[in-house]
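J.: Provided herewith is a single structure, encoded as structure tokens, for subsequent inquiry.
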Amino acid sequence: KLSNRLEAVTNYIPPGKRVADIGSDHAYLPCYAVKKGIVPFAIAGEVVEGPYQSAKKQVKLEGLENQISVRKGNGLEVIQPGEVDCITIAGMGGALIATILEDGKSKLGSVHRLILQPNLSAISIRTWLIENGWELIAEEILEEDGKIYEILAAEKGKPLNPYTDTKKGLLMGPFLMEQKSEVFKNKWIGEKKNWERILLQLEKAAFSEDTEKRKKELKEKIKMAEEV
Ligand code: SAM
């Protein structure tokens, strides 16, 4: 059975389109999407040999070699221009996902939708999207096995700034702020506790411009968490 997290990611894949899953590990996501008939063709990209072999093994095991192409390479370099309509990148840090998109910009010409699932620092992705002409169209937050995950779906468009309060929106997500689910609240209660602990440590530290700056930033973030 596919994890709830990856299943939630596949829910945003436009049916009938060709998808590339980057950092696919066991290729569970593309296998599921093809078996379910959501997509007719998928690419599973992996940069590390071990996971690349796992992906090949899984695709063979499921008899999906004709529909899933497993490729070894860094980020979007495994995709030929025009090959896919949709890209999924899941289970990595937001900064790494943003770097993969930035380095692979030349491959995004035919891509209409990005579905990104950062394990942390979704803010890096929201920032990249805005700066590169992608419009956030949906967000989801879910908890599985005690961990909280965010899913961001974006389409090419005018990134009309949908953020009512830019800094807060970038950090927490405009759709998630609107939905204000229990999981969302728990996430920011947890983050706030964390920041307060760090702040307490900094209060004890010797004065320096750097600590003052960090304290100010933390206080600002704590206030944002309080507001939601
Ligand atoms: N996407 C799967 C999921 O969400 O369950 C696997 C997540 S796993 C934690 C992250 C995978 O991304 C690893 O297998 C790693 O080798 C791969 N990866 C990391 N950086 C990559 C890059 N630049 N290009 C392709 N794959 C990458």
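The way I read the labels, and the way they are meant: chains A, B, ... in the order of the structure tokens, residue 1 as the first residue of every chain, and ligand 1 as the first ligand shown, with later ones counted on from there.
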Check which residues fall inside 9 Å of ligand 1 when counting only C-alpha atoms and all ligand atoms, and print them as a count of residues only.

T.: 40

J.: Run DSSP on the backbone and tell me which residues of stretch 9-123 of chain A come out as alpha helix (DSSP H); list them as a short mmCIF file (atom, residue, chain, number, x, y, z; two decimals) with N, CA and C atoms, in the first residue's frame.

T.:
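Result file follows (out25.cif):
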```cif
data_model
loop_
_atom_site.label_atom_id
_atom_site.label_comp_id
_atom_site.auth_asym_id
_atom_site.auth_seq_id
_atom_site.Cartn_x
_atom_site.Cartn_y
_atom_site.Cartn_z
N VAL A 9 -0.01 13.12 -2.95
CA VAL A 9 0.73 13.77 -4.04
C VAL A 9 0.11 13.37 -5.39
N THR A 10 -0.18 12.07 -5.56
CA THR A 10 -0.72 11.61 -6.86
C THR A 10 -2.10 12.21 -7.15
N TYR A 28 7.76 4.05 -6.11
CA TYR A 28 6.41 3.70 -5.65
C TYR A 28 5.37 4.63 -6.27
N LEU A 29 5.70 5.92 -6.33
CA LEU A 29 4.72 6.89 -6.83
C LEU A 29 4.39 6.65 -8.31
N PRO A 30 5.40 6.59 -9.20
CA PRO A 30 5.06 6.33 -10.61
C PRO A 30 4.39 4.97 -10.82
N CYS A 31 4.80 3.95 -10.08
CA CYS A 31 4.16 2.64 -10.23
C CYS A 31 2.68 2.73 -9.90
N TYR A 32 2.38 3.40 -8.80
CA TYR A 32 0.99 3.56 -8.37
C TYR A 32 0.19 4.35 -9.42
N ALA A 33 0.77 5.46 -9.87
CA ALA A 33 0.06 6.33 -10.81
C ALA A 33 -0.25 5.60 -12.12
N VAL A 34 0.67 4.75 -12.58
CA VAL A 34 0.45 4.00 -13.82
C VAL A 34 -0.55 2.86 -13.60
N LYS A 35 -0.36 2.13 -12.49
CA LYS A 35 -1.26 1.00 -12.21
C LYS A 35 -2.69 1.45 -12.05
N GLU A 49 22.89 5.53 -6.83
CA GLU A 49 22.86 4.18 -7.40
C GLU A 49 21.89 3.22 -6.68
N GLY A 50 21.97 3.19 -5.34
CA GLY A 50 21.12 2.26 -4.57
C GLY A 50 19.64 2.44 -4.87
N PRO A 51 19.11 3.66 -4.63
CA PRO A 51 17.70 3.92 -4.93
C PRO A 51 17.36 3.72 -6.41
N TYR A 52 18.31 4.03 -7.30
CA TYR A 52 18.09 3.82 -8.74
C TYR A 52 17.85 2.34 -9.02
N GLN A 53 18.67 1.49 -8.39
CA GLN A 53 18.49 0.04 -8.55
C GLN A 53 17.16 -0.42 -7.94
N SER A 54 16.80 0.16 -6.79
CA SER A 54 15.51 -0.18 -6.16
C SER A 54 14.35 0.15 -7.11
N ALA A 55 14.46 1.31 -7.76
CA ALA A 55 13.40 1.75 -8.67
C ALA A 55 13.29 0.77 -9.85
N LYS A 56 14.44 0.40 -10.42
CA LYS A 56 14.42 -0.52 -11.56
C LYS A 56 13.80 -1.86 -11.16
N LYS A 57 14.18 -2.32 -9.96
CA LYS A 57 13.69 -3.60 -9.46
C LYS A 57 12.17 -3.57 -9.29
N GLN A 58 11.69 -2.49 -8.68
CA GLN A 58 10.25 -2.37 -8.41
C GLN A 58 9.44 -2.32 -9.71
N VAL A 59 9.94 -1.55 -10.67
CA VAL A 59 9.22 -1.41 -11.95
C VAL A 59 9.17 -2.76 -12.67
N LYS A 60 10.25 -3.50 -12.60
CA LYS A 60 10.31 -4.82 -13.23
C LYS A 60 9.34 -5.78 -12.53
N LEU A 61 9.40 -5.73 -11.19
CA LEU A 61 8.54 -6.58 -10.36
C LEU A 61 7.07 -6.39 -10.70
N GLY A 94 12.85 21.47 1.30
CA GLY A 94 12.38 22.48 0.35
C GLY A 94 13.51 23.17 -0.39
N ALA A 95 14.63 23.38 0.28
CA ALA A 95 15.75 24.07 -0.36
C ALA A 95 16.31 23.20 -1.49
N LEU A 96 16.40 21.90 -1.26
CA LEU A 96 16.91 20.99 -2.30
C LEU A 96 15.94 20.94 -3.48
N ILE A 97 14.65 20.90 -3.19
CA ILE A 97 13.66 20.89 -4.28
C ILE A 97 13.78 22.16 -5.12
N ALA A 98 13.94 23.31 -4.44
CA ALA A 98 14.08 24.58 -5.16
C ALA A 98 15.35 24.58 -6.02
N THR A 99 16.42 24.00 -5.52
CA THR A 99 17.67 23.92 -6.28
C THR A 99 17.50 23.04 -7.52
N ILE A 100 16.80 21.92 -7.35
CA ILE A 100 16.57 21.02 -8.49
C ILE A 100 15.78 21.75 -9.58
N LEU A 101 14.76 22.52 -9.18
CA LEU A 101 13.96 23.27 -10.15
C LEU A 101 14.79 24.37 -10.81
N GLU A 102 15.57 25.06 -10.01
CA GLU A 102 16.40 26.16 -10.53
C GLU A 102 17.41 25.63 -11.56
N ASP A 103 18.09 24.53 -11.21
CA ASP A 103 19.11 23.97 -12.11
C ASP A 103 18.48 23.35 -13.36
N ALA A 122 9.12 24.64 3.33
CA ALA A 122 8.26 24.90 2.18
C ALA A 122 8.43 26.34 1.71
N ILE A 123 8.90 27.20 2.60
CA ILE A 123 9.09 28.62 2.25
C ILE A 123 10.07 28.78 1.08
#
```

J.: Mind pulling up the distance from atom CA of A:Val70 to atom CA of A:Glu83?

T.: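 Those two atoms sit 13.8 Å apart.
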
J.: Could you jot down the atom CA of A:Thr127 to atom CA of A:Gly169 separation for me, Å, one decimal place?

T.: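 So the answer is 10.1 Å.
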
J.: Using only C-alpha atoms, pick whichever of A:Ala205, A:Ile137, A:Leu200, A:Ile125 has the shortest atom-to-atom distance to A:Leu176.

T.: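 Of all the options, A:Ile137 lies closest to A:Leu176.
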
J.: What's the 9 Å shell around A:Gly157, counting only C-alpha atoms, without same-chain residues fewer than 4 positions away, as a ChimeraX atom specification?

T.: /A:133-135

J.: Export N, CA and C atoms of the chosen residues as a compact mmCIF listing (two decimals), in the first residue's frame?

T.:
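Saved file result-v5.txt follows:
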```txt
# COMPACT_ATOMS: atom_id res chain seq x y z
N GLY A 133 7.61 32.68 -11.95
CA GLY A 133 6.38 32.70 -12.74
C GLY A 133 5.49 31.50 -12.57
N TRP A 134 5.51 30.87 -11.42
CA TRP A 134 4.61 29.75 -11.14
C TRP A 134 3.61 30.18 -10.08
N GLU A 135 2.37 29.79 -10.31
CA GLU A 135 1.30 30.18 -9.41
C GLU A 135 0.88 28.98 -8.56
```

J.: Tell me, in Å to one decimal, how far atom CA of A:Lys1 is from atom CA of A:Ile141.

T.: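 Result for atom CA of A:Lys1 versus atom CA of A:Ile141: 20.1 Å, one decimal.
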
J.: Determine, using only C-alpha atoms, which residues of stretch 173-201 of chain A have any atom at most 12 Å from an atom of stretch 208-212 of chain A, and tabulate each with its shortest atom pair and distance in Å to one decimal place, rows ordered by chain and then rising number, as JSON lines.

T.:
```
{"residue": "A:Ile198", "atom": "CA", "partner": "A:Thr211", "partner_atom": "CA", "distance": 11.0}
{"residue": "A:Leu199", "atom": "CA", "partner": "A:Thr211", "partner_atom": "CA", "distance": 9.5}
{"residue": "A:Leu200", "atom": "CA", "partner": "A:Thr211", "partner_atom": "CA", "distance": 11.6}
{"residue": "A:Gln201", "atom": "CA", "partner": "A:Thr211", "partner_atom": "CA", "distance": 10.3}
```

J.: Looking only at strand (DSSP E or B) from DSSP on the backbone, list the matching residues of stretch 7-136 of chain A as an mmCIF file with N, CA and C atoms, in the first residue's frame.

T.:
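Final output, saved to selection_24.cif:
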```cif
data_model
loop_
_atom_site.group_PDB
_atom_site.id
_atom_site.type_symbol
_atom_site.label_atom_id
_atom_site.label_comp_id
_atom_site.auth_asym_id
_atom_site.auth_seq_id
_atom_site.Cartn_x
_atom_site.Cartn_y
_atom_site.Cartn_z
ATOM 1 N N VAL A 19 4.181 12.085 -16.546
ATOM 2 C CA VAL A 19 4.760 12.624 -15.323
ATOM 3 C C VAL A 19 6.195 12.146 -15.123
ATOM 4 N N ALA A 20 7.014 13.002 -14.526
ATOM 5 C CA ALA A 20 8.356 12.584 -14.087
ATOM 6 C C ALA A 20 8.416 12.734 -12.573
ATOM 7 N N ASP A 21 8.844 11.679 -11.906
ATOM 8 C CA ASP A 21 9.007 11.726 -10.456
ATOM 9 C C ASP A 21 10.506 11.772 -10.163
ATOM 10 N N ILE A 22 10.944 12.877 -9.608
ATOM 11 C CA ILE A 22 12.390 13.080 -9.402
ATOM 12 C C ILE A 22 12.755 12.751 -7.957
ATOM 13 N N ALA A 42 5.432 7.328 -17.328
ATOM 14 C CA ALA A 42 6.141 8.055 -16.271
ATOM 15 C C ALA A 42 7.647 7.828 -16.366
ATOM 16 N N ILE A 43 8.384 8.811 -15.872
ATOM 17 C CA ILE A 43 9.833 8.693 -15.724
ATOM 18 C C ILE A 43 10.124 8.682 -14.234
ATOM 19 N N ALA A 44 10.987 7.775 -13.801
ATOM 20 C CA ALA A 44 11.443 7.788 -12.410
ATOM 21 C C ALA A 44 12.914 8.176 -12.436
ATOM 22 N N GLY A 45 13.246 9.321 -11.845
ATOM 23 C CA GLY A 45 14.638 9.803 -11.843
ATOM 24 C C GLY A 45 15.274 9.597 -10.479
ATOM 25 N N GLU A 46 16.509 9.142 -10.486
ATOM 26 C CA GLU A 46 17.268 8.967 -9.233
ATOM 27 C C GLU A 46 18.734 9.292 -9.476
ATOM 28 N N ILE A 68 7.079 2.792 -17.592
ATOM 29 C CA ILE A 68 7.909 3.611 -16.701
ATOM 30 C C ILE A 68 9.369 3.489 -17.088
ATOM 31 N N SER A 69 9.958 4.626 -17.373
ATOM 32 C CA SER A 69 11.366 4.666 -17.734
ATOM 33 C C SER A 69 12.164 5.102 -16.514
ATOM 34 N N VAL A 70 13.016 4.210 -16.003
ATOM 35 C CA VAL A 70 13.819 4.537 -14.822
ATOM 36 C C VAL A 70 15.165 5.073 -15.297
ATOM 37 N N ARG A 71 15.524 6.259 -14.851
ATOM 38 C CA ARG A 71 16.740 6.910 -15.350
ATOM 39 C C ARG A 71 17.612 7.417 -14.208
ATOM 40 N N LYS A 72 18.910 7.285 -14.411
ATOM 41 C CA LYS A 72 19.829 7.757 -13.379
ATOM 42 C C LYS A 72 20.401 9.116 -13.772
ATOM 43 N N CYS A 86 4.083 17.046 -16.308
ATOM 44 C CA CYS A 86 3.937 17.229 -14.870
ATOM 45 C C CYS A 86 5.173 16.660 -14.173
ATOM 46 N N ILE A 87 5.619 17.323 -13.129
ATOM 47 C CA ILE A 87 6.767 16.831 -12.364
ATOM 48 C C ILE A 87 6.379 16.720 -10.896
ATOM 49 N N THR A 88 6.719 15.596 -10.287
ATOM 50 C CA THR A 88 6.539 15.456 -8.839
ATOM 51 C C THR A 88 7.921 15.328 -8.187
ATOM 52 N N ILE A 89 8.104 16.018 -7.081
ATOM 53 C CA ILE A 89 9.331 15.873 -6.286
ATOM 54 C C ILE A 89 8.895 15.802 -4.828
ATOM 55 N N ALA A 90 9.129 14.651 -4.198
ATOM 56 C CA ALA A 90 8.606 14.443 -2.845
ATOM 57 C C ALA A 90 9.671 13.925 -1.893
ATOM 58 N N GLY A 91 9.471 14.236 -0.611
ATOM 59 C CA GLY A 91 10.296 13.635 0.432
ATOM 60 C C GLY A 91 11.681 14.208 0.584
ATOM 61 N N MET A 92 11.885 15.444 0.145
ATOM 62 C CA MET A 92 13.191 16.100 0.343
ATOM 63 C C MET A 92 12.959 17.451 1.015
ATOM 64 N N GLY A 93 14.047 18.081 1.401
ATOM 65 C CA GLY A 93 13.938 19.416 1.960
ATOM 66 C C GLY A 93 13.522 20.413 0.885
ATOM 67 N N ARG A 113 2.432 21.490 -14.736
ATOM 68 C CA ARG A 113 2.157 21.432 -13.301
ATOM 69 C C ARG A 113 3.330 20.843 -12.523
ATOM 70 N N LEU A 114 3.587 21.434 -11.379
ATOM 71 C CA LEU A 114 4.582 20.925 -10.443
ATOM 72 C C LEU A 114 3.857 20.503 -9.177
ATOM 73 N N ILE A 115 4.201 19.320 -8.667
ATOM 74 C CA ILE A 115 3.632 18.893 -7.387
ATOM 75 C C ILE A 115 4.809 18.594 -6.466
ATOM 76 N N LEU A 116 4.929 19.384 -5.422
ATOM 77 C CA LEU A 116 6.135 19.357 -4.602
ATOM 78 C C LEU A 116 5.767 19.036 -3.162
ATOM 79 N N GLN A 117 6.508 18.123 -2.574
ATOM 80 C CA GLN A 117 6.203 17.737 -1.185
ATOM 81 C C GLN A 117 7.478 17.861 -0.361
ATOM 82 N N PRO A 118 7.723 19.063 0.174
ATOM 83 C CA PRO A 118 8.908 19.268 1.005
ATOM 84 C C PRO A 118 8.711 18.708 2.404
ATOM 85 N N ASN A 119 9.751 18.113 2.956
ATOM 86 C CA ASN A 119 9.678 17.647 4.343
ATOM 87 C C ASN A 119 9.879 18.798 5.313
ATOM 88 N N LEU A 120 10.590 19.813 4.854
ATOM 89 C CA LEU A 120 10.739 21.022 5.654
ATOM 90 C C LEU A 120 11.030 22.190 4.728
ATOM 91 N N TRP A 134 5.515 30.869 -11.418
ATOM 92 C CA TRP A 134 4.612 29.754 -11.136
ATOM 93 C C TRP A 134 3.613 30.182 -10.080
ATOM 94 N N GLU A 135 2.373 29.786 -10.312
ATOM 95 C CA GLU A 135 1.300 30.180 -9.408
ATOM 96 C C GLU A 135 0.881 28.983 -8.558
ATOM 97 N N LEU A 136 0.890 29.189 -7.280
ATOM 98 C CA LEU A 136 0.431 28.153 -6.362
ATOM 99 C C LEU A 136 -1.066 27.949 -6.597
#
```

J.: Excluding A:Glu203 and its own-chain neighbours fewer than 6 positions away, which residues fall within 12 Å of it when counting only C-alpha atoms? Please give them as a list in words.

T.: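 My reading of the contact set: Glu196, Arg197, Thr211, Glu212, Lys213, Arg214, Lys215, Lys216, Leu218 and Lys219 of chain A.
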
J.: Keeping only N, CA and C atoms, write those residues as a CSV table (one decimal), in the first residue's frame.

T.:
```
chain,number,residue,atom,x,y,z
A,196,GLU,N,10.7,29.4,20.7
A,196,GLU,CA,10.7,30.0,22.0
A,196,GLU,C,11.9,29.4,22.8
A,197,ARG,N,12.1,28.1,22.6
A,197,ARG,CA,13.3,27.5,23.3
A,197,ARG,C,14.6,28.1,22.8
A,211,THR,N,23.3,37.9,17.3
A,211,THR,CA,22.3,37.3,18.2
A,211,THR,C,21.1,38.3,18.3
A,212,GLU,N,21.3,39.6,18.3
A,212,GLU,CA,20.2,40.5,18.3
A,212,GLU,C,19.3,40.3,17.1
A,213,LYS,N,20.0,40.2,15.9
A,213,LYS,CA,19.3,40.0,14.7
A,213,LYS,C,18.4,38.7,14.7
A,214,ARG,N,19.1,37.6,15.2
A,214,ARG,CA,18.4,36.3,15.3
A,214,ARG,C,17.2,36.4,16.2
A,215,LYS,N,17.4,37.1,17.3
A,215,LYS,CA,16.3,37.2,18.3
A,215,LYS,C,15.1,38.0,17.7
A,216,LYS,N,15.5,39.0,17.0
A,216,LYS,CA,14.4,39.8,16.4
A,216,LYS,C,13.6,38.9,15.4
A,218,LEU,N,13.3,35.7,15.4
A,218,LEU,CA,12.6,34.6,16.1
A,218,LEU,C,11.3,35.2,16.7
A,219,LYS,N,11.4,36.4,17.3
A,219,LYS,CA,10.2,37.1,17.8
A,219,LYS,C,9.2,37.3,16.8
```

J.: Taking into account only C-alpha atoms, which residue in the set A:Pro14, A:Ile79, A:Glu191, A:Asn4 is nearest to A:Glu140?

T.: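 Smallest separation from A:Glu140 among the options: A:Asn4.
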